[in-house]
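Q: Got a structure for you, run21.csv, holding CSV, C-alpha atoms.
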chain,number,residue,atom,x,y,z
A,16,MET,CA,135.6,223.4,70.8
A,17,GLU,CA,137.7,226.0,68.8
A,18,ILE,CA,140.4,225.7,66.2
A,19,THR,CA,142.9,228.4,65.5
A,20,TRP,CA,145.6,228.2,62.8
A,21,TYR,CA,149.1,229.7,63.3
A,22,GLY,CA,150.2,228.9,59.7
A,23,HIS,CA,151.9,225.8,58.1
A,24,SER,CA,150.8,222.8,60.2
A,25,CYS,CA,150.4,224.5,63.6
A,26,PHE,CA,147.0,224.7,65.2
A,27,ARG,CA,145.5,225.3,68.6
A,28,LEU,CA,142.7,223.0,69.6
A,29,THR,CA,140.9,224.0,72.7
A,30,GLU,CA,137.7,223.8,74.6
A,31,ARG,CA,136.8,225.7,77.8
A,32,GLY,CA,137.9,223.7,80.8
A,33,LYS,CA,139.6,221.1,78.7
A,34,THR,CA,143.1,220.4,77.5
A,35,THR,CA,144.7,222.8,75.0
A,36,VAL,CA,146.6,221.1,72.2
A,37,ILE,CA,149.1,222.7,69.9
A,38,THR,CA,150.1,220.7,66.8
A,39,ASP,CA,153.4,221.0,64.9
A,40,PRO,CA,154.9,224.2,66.3
A,41,TYR,CA,157.5,225.6,63.8
A,42,ASP,CA,160.8,227.6,64.0
A,43,PRO,CA,160.1,231.0,62.5
A,44,THR,CA,163.7,231.4,61.5
A,45,GLN,CA,163.3,228.3,59.3
A,46,LEU,CA,159.9,229.3,57.7
A,47,GLY,CA,159.9,233.1,57.4
A,48,ILE,CA,156.6,233.4,59.3
A,49,THR,CA,156.0,234.0,63.0
A,50,PRO,CA,152.9,233.0,65.1
A,51,ALA,CA,151.1,236.1,66.4
A,52,GLY,CA,151.1,236.3,70.2
A,53,ALA,CA,152.1,233.6,72.8
A,54,ILE,CA,151.2,230.0,71.9
A,55,LYS,CA,150.1,228.3,75.1
A,56,ALA,CA,149.5,224.5,75.4
A,57,ASP,CA,149.0,221.7,77.8
A,58,VAL,CA,149.9,219.1,75.1
A,59,VAL,CA,152.1,219.5,72.0
A,60,THR,CA,151.9,216.9,69.2
A,61,ILE,CA,154.8,216.5,66.8
A,62,SER,CA,154.1,214.7,63.5
A,63,HIS,CA,157.6,214.9,62.0
A,64,ASP,CA,160.6,215.7,64.1
A,65,VAL,CA,162.1,218.5,62.1
A,66,PRO,CA,162.2,222.3,62.7
A,67,HIS,CA,159.2,223.0,60.6
A,68,HIS,CA,157.1,220.8,63.0
A,69,ASN,CA,158.9,220.4,66.3
A,70,TYR,CA,159.8,223.9,67.7
A,71,LEU,CA,158.9,223.4,71.4
A,72,GLN,CA,160.8,226.6,72.3
A,73,GLY,CA,157.9,228.5,70.8
A,74,VAL,CA,155.3,227.0,73.1
A,75,ILE,CA,154.5,228.4,76.6
A,76,SER,CA,152.9,226.5,79.4
A,77,LYS,CA,152.4,227.1,83.2
A,78,SER,CA,154.2,223.7,83.6
A,79,THR,CA,156.1,221.5,81.3
A,80,PRO,CA,153.6,220.5,78.5
A,81,TYR,CA,153.1,216.9,77.5
A,82,VAL,CA,154.9,216.2,74.3
A,83,LEU,CA,153.7,213.5,72.0
A,84,ARG,CA,156.0,212.2,69.3
A,85,GLY,CA,154.8,208.7,68.5
A,86,ALA,CA,152.0,206.3,67.9
A,87,GLY,CA,149.8,205.2,70.8
A,88,GLU,CA,146.8,206.1,72.8
A,89,TYR,CA,146.9,208.9,75.4
A,90,GLU,CA,144.5,210.4,77.9
A,91,ILE,CA,145.6,213.8,79.2
A,92,GLY,CA,143.4,216.1,81.3
A,93,GLY,CA,140.3,214.2,80.3
A,94,THR,CA,141.1,214.5,76.5
A,95,PHE,CA,141.8,211.4,74.5
A,96,LEU,CA,144.5,211.5,71.8
A,97,MET,CA,145.7,208.8,69.5
A,98,GLY,CA,148.9,208.9,67.5
A,99,ILE,CA,148.6,207.1,64.1
A,100,PRO,CA,151.6,205.9,62.1
A,101,LEU,CA,151.4,207.5,58.6
A,102,HIS,CA,155.0,207.1,57.5
A,103,ASP,CA,156.1,208.0,54.0
A,104,ILE,CA,158.6,206.3,51.7
A,105,GLN,CA,160.8,208.9,49.9
A,106,ASN,CA,163.8,208.0,47.8
A,107,ASP,CA,163.7,204.5,49.3
A,108,GLU,CA,163.9,205.9,52.8
A,109,VAL,CA,161.2,205.9,55.5
A,110,VAL,CA,160.1,209.4,56.6
A,111,LEU,CA,158.4,209.2,60.0
A,112,ASN,CA,155.1,210.9,60.2
A,113,ILE,CA,152.5,210.6,62.9
A,114,GLY,CA,148.9,211.7,62.5
A,115,TYR,CA,147.0,212.6,65.6
A,116,LEU,CA,143.3,212.1,66.4
A,117,VAL,CA,142.1,214.5,69.2
A,118,GLN,CA,138.8,213.7,70.8
A,119,TYR,CA,136.8,216.4,72.6
A,120,GLU,CA,133.2,215.9,73.7
A,121,GLY,CA,131.4,214.9,70.5
A,122,VAL,CA,134.1,216.2,68.2
A,123,ASN,CA,137.0,214.2,66.6
A,124,VAL,CA,139.7,216.2,65.0
A,125,LEU,CA,142.3,214.4,62.8
A,126,HIS,CA,145.6,216.2,62.0
A,127,LEU,CA,147.4,214.4,59.2
A,128,GLY,CA,150.8,215.9,60.0
A,129,ASP,CA,153.4,216.0,57.2
A,130,LEU,CA,151.7,213.3,55.1
A,131,GLY,CA,152.9,212.9,51.6
A,132,HIS,CA,151.1,209.8,50.3
A,133,ILE,CA,147.7,208.2,50.3
A,134,PRO,CA,147.5,205.6,53.1
A,135,PRO,CA,145.6,202.4,52.6
A,136,SER,CA,141.9,202.9,52.8
A,137,SER,CA,141.7,200.2,55.5
A,138,LEU,CA,143.9,202.3,57.7
A,139,LEU,CA,141.9,205.5,57.2
A,140,GLN,CA,138.6,203.7,57.8
A,141,SER,CA,140.0,202.1,61.0
A,142,ILE,CA,140.3,205.6,62.5
A,143,GLY,CA,136.5,205.9,62.8
A,144,ASP,CA,134.4,209.0,62.6
A,145,VAL,CA,136.4,212.2,61.8
A,146,HIS,CA,134.4,215.4,62.2
A,147,VAL,CA,137.2,217.9,61.4
A,148,LEU,CA,140.1,217.0,59.1
A,149,LEU,CA,143.3,219.1,59.0
A,150,VAL,CA,145.0,218.2,55.8
A,151,PRO,CA,148.1,219.4,53.9
A,152,VAL,CA,147.3,220.5,50.4
A,153,GLY,CA,150.3,222.5,49.1
A,154,GLY,CA,152.4,219.7,47.5
A,155,GLY,CA,156.2,219.7,47.9
A,156,ASN,CA,157.0,216.7,50.2
A,157,THR,CA,153.3,216.6,51.3
A,158,LEU,CA,150.0,215.9,49.6
A,159,SER,CA,149.2,217.5,46.3
A,160,ALA,CA,145.8,219.1,45.9
A,161,SER,CA,144.5,216.0,44.1
A,162,GLN,CA,145.9,213.6,46.7
A,163,ALA,CA,144.3,215.6,49.5
A,164,ALA,CA,141.0,215.5,47.7
A,165,GLU,CA,141.2,211.7,47.4
A,166,ILE,CA,141.9,211.3,51.1
A,167,ILE,CA,139.0,213.6,51.9
A,168,SER,CA,136.7,211.3,49.9
A,169,LEU,CA,137.9,208.3,51.9
A,170,ILE,CA,137.6,209.9,55.3
A,171,GLU,CA,134.3,211.9,54.7
A,172,PRO,CA,134.7,214.5,57.4
A,173,ASN,CA,132.1,217.1,58.3
A,174,TYR,CA,134.7,219.9,58.1
A,175,VAL,CA,137.9,220.1,56.0
A,176,ILE,CA,140.6,222.7,57.0
A,177,PRO,CA,143.5,222.9,54.5
A,178,MET,CA,147.0,223.5,55.8
A,179,HIS,CA,150.6,223.5,54.7
A,180,TYR,CA,150.2,225.7,51.7
A,181,ALA,CA,151.8,229.0,50.4
A,182,LEU,CA,151.5,232.0,52.6
A,183,PRO,CA,153.0,235.5,52.2
A,184,GLY,CA,156.5,235.4,53.6
A,185,LEU,CA,156.7,231.6,53.7
A,186,THR,CA,160.2,230.5,52.6
A,187,VAL,CA,159.1,227.0,51.7
A,188,GLY,CA,157.9,226.5,48.1
A,189,LEU,CA,154.3,225.3,48.3
A,190,ASP,CA,151.2,225.6,46.1
A,191,GLU,CA,148.5,228.2,46.7
A,192,VAL,CA,145.4,227.0,48.4
A,193,GLU,CA,143.4,228.0,45.3
A,194,ARG,CA,144.7,225.0,43.5
A,195,PHE,CA,143.1,222.8,46.1
A,196,LEU,CA,139.9,224.7,46.0
A,197,LYS,CA,139.7,224.2,42.2
A,198,VAL,CA,140.2,220.5,42.6
A,199,MET,CA,137.4,220.4,45.1
A,200,GLY,CA,135.2,222.3,42.8
A,201,ILE,CA,135.0,225.4,45.0
A,202,SER,CA,135.0,228.7,43.3
A,203,SER,CA,135.3,230.8,46.5
A,204,ALA,CA,135.5,230.2,50.2
A,205,SER,CA,135.1,232.5,53.2
A,206,THR,CA,137.9,232.8,55.7
A,207,LEU,CA,137.4,232.6,59.4
A,208,ASP,CA,139.7,233.7,62.3
A,209,THR,CA,138.6,230.7,64.3
A,210,LEU,CA,136.4,227.7,63.6
A,211,LYS,CA,134.0,226.9,66.5
A,212,VAL,CA,132.7,223.3,66.3
A,213,ASN,CA,129.6,222.0,68.1
A,214,GLY,CA,129.4,218.2,68.2
A,215,GLU,CA,125.6,218.5,68.3
A,216,ALA,CA,125.3,220.8,65.3
A,217,LEU,CA,127.6,219.4,62.7
A,218,PRO,CA,126.9,220.1,59.0
A,219,GLU,CA,125.2,217.4,57.0
A,220,GLU,CA,127.2,218.3,53.9
A,221,MET,CA,131.0,218.5,54.1
A,222,GLU,CA,132.3,222.1,54.4
A,223,VAL,CA,135.8,223.3,53.4
A,224,VAL,CA,136.8,226.1,55.8
A,225,LEU,CA,139.8,228.4,55.2
A,226,LEU,CA,141.3,229.8,58.4
A,227,GLN,CA,143.1,233.1,58.5
A,228,ALA,CA,146.6,232.4,59.6
A,229,SER,CA,147.3,234.0,63.0
A,230,ILE,CA,150.8,235.2,62.1
A,231,GLU,CA,152.7,238.5,62.4
Turn the structure described in the file into structure tokens.

A:
Amino acid sequence: MEITWYGHSCFRLTERGKTTVITDPYDPTQLGITPAGAIKADVVTISHDVPHHNYLQGVISKSTPYVLRGAGEYEIGGTFLMGIPLHDIQNDEVVLNIGYLVQYEGVNVLHLGDLGHIPPSSLLQSIGDVHVLLVPVGGGNTLSASQAAEIISLIEPNYVIPMHYALPGLTVGLDEVERFLKVMGISSASTLDTLKVNGEALPEEMEVVLLQASIE
């Protein structure tokens, strides 16, 4: 399966002949960055129902795509998805956030959405095996670099893809990804346009992968 990043928390997860999933599409007028090209999807997942994460108008589909906004188990086009409640408490108010586990053949991808706290370890462990973790690292209302590192140590994925950090043109104040790399003890990391994941050839040691944001 293949993973492409459109900046912020928006990814395309796809496998030939399978369901294409877009996570957290954003409104370019709100963020100052614009996805490159048309974003096509069979399924759209929304972790947090605000313009930075729920811009359905930016998604193209041959028919009306399935839109997932809440917790539960779903099977769409032969692909299994699970919405996991990972709500935050900010200023004594509940901020709704749904993480999504997407299962392709032999590969489990977990998108943590707009997560801003460290959930109980029992909840994270109940998710089961996670081969690819998409984790916010830029601070603000979401995880700081050190919090992201702690969650990674609890989940123990094969691949880690950081998201929700500072990019050129982004109007939201977030930390640079280098802060996260420093916390992880990584002096440098290569950048890929797309991560291709084979469930039968997963790395034995965890790998942090930087994706080039596909933005205009």

Q: When you look at segment 93-97 of chain A with a cut-off of 7 Å (counting only C-alpha atoms), what residues show up, excluding the ones that are within fewer than 3 positions of it in the same chain? I need them as a PyMOL selection string.

A: chain A and resi 34+86-90+115-119

Q: Looking at A:Pro66, A:Leu127, A:Arg194, A:Met16, which one is nearest to Gly214 of chain A, with distances taken over all atoms listed in the file?

A: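 Closest residue, counting all atoms listed in the file: A:Met16.
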
Q: Using all atoms listed in the file, determine which residues lie at most 6 Å from segment 20-23 of chain A, disregarding the query and same-chain residues fewer than 3 positions distant; provide the list as a list in words.

A: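 Listed by chain and then number, they are Phe26, Pro50, Met178, His179, Ala228, Ser229 and Ile230 of chain A.
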
Q: I'd like the interatomic distance between atom CA of Leu207 of chain A and atom CA of Ala160 of chain A, to a tenth of an Å.

A: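 Distance reported for this atom pair: 20.9 Å.
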
Q: When distances are computed from all atoms listed in the file, which of A:Ile37, A:Val223, A:Leu83, A:Leu148 shows the smallest separation from Lys197 of chain A?

A: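 Selected residue with least distance to Lys197 of chain A: A:Val223.
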
Q: Kindly indicate which residue among A:Asp57, A:Asp144, A:Asp190, A:Asp129 lies nearest to Cys25 of chain A, using all atoms listed in the file for the distances.

A: A:Asp129

Q: I need the residue nearest Lys55 of chain A from this list: A:Lys33, A:Asp42, A:Pro80, A:Glu219. Use only C-alpha atoms for the distance.

A: A:Pro80

Q: Just give me the gap between atom CA of Asn213 of chain A and atom CA of Val58 of chain A in Å, one decimal is fine.

A: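 About the pair atom CA of Asn213 of chain A and atom CA of Val58 of chain A: they are 21.7 Å apart.
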
Q: Given the point (134.7, 215.5, 64.0) in the coordinates of this file, which residues lie within 9 Å, counting only C-alpha atoms, and how would they look as a ChimeraX atom specification?

A: /A:118-119,121-125,144-148,172-174,212,214,217

Q: Which is closer to Ile54 of chain A than all the others in A:Gly114, A:Gly73, A:Gly155, A:Gly131, using only C-alpha atoms?

A: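 Among the listed residues, A:Gly73 lies closest to Ile54 of chain A.
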
Q: For Asn112 of chain A, which residue among A:Met221, A:Ile61, A:Leu138, A:Leu158 is the nearest when counting all atoms listed in the file?

A: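 With all atoms listed in the file as the atom set, the closest residue is A:Ile61.
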
Q: If I take atom CA of Tyr81 of chain A and atom CA of Val36 of chain A, how far is one from the other in Å, to one decimal?

A: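 Atom CA of Val36 of chain A lies 9.4 Å from atom CA of Tyr81 of chain A.
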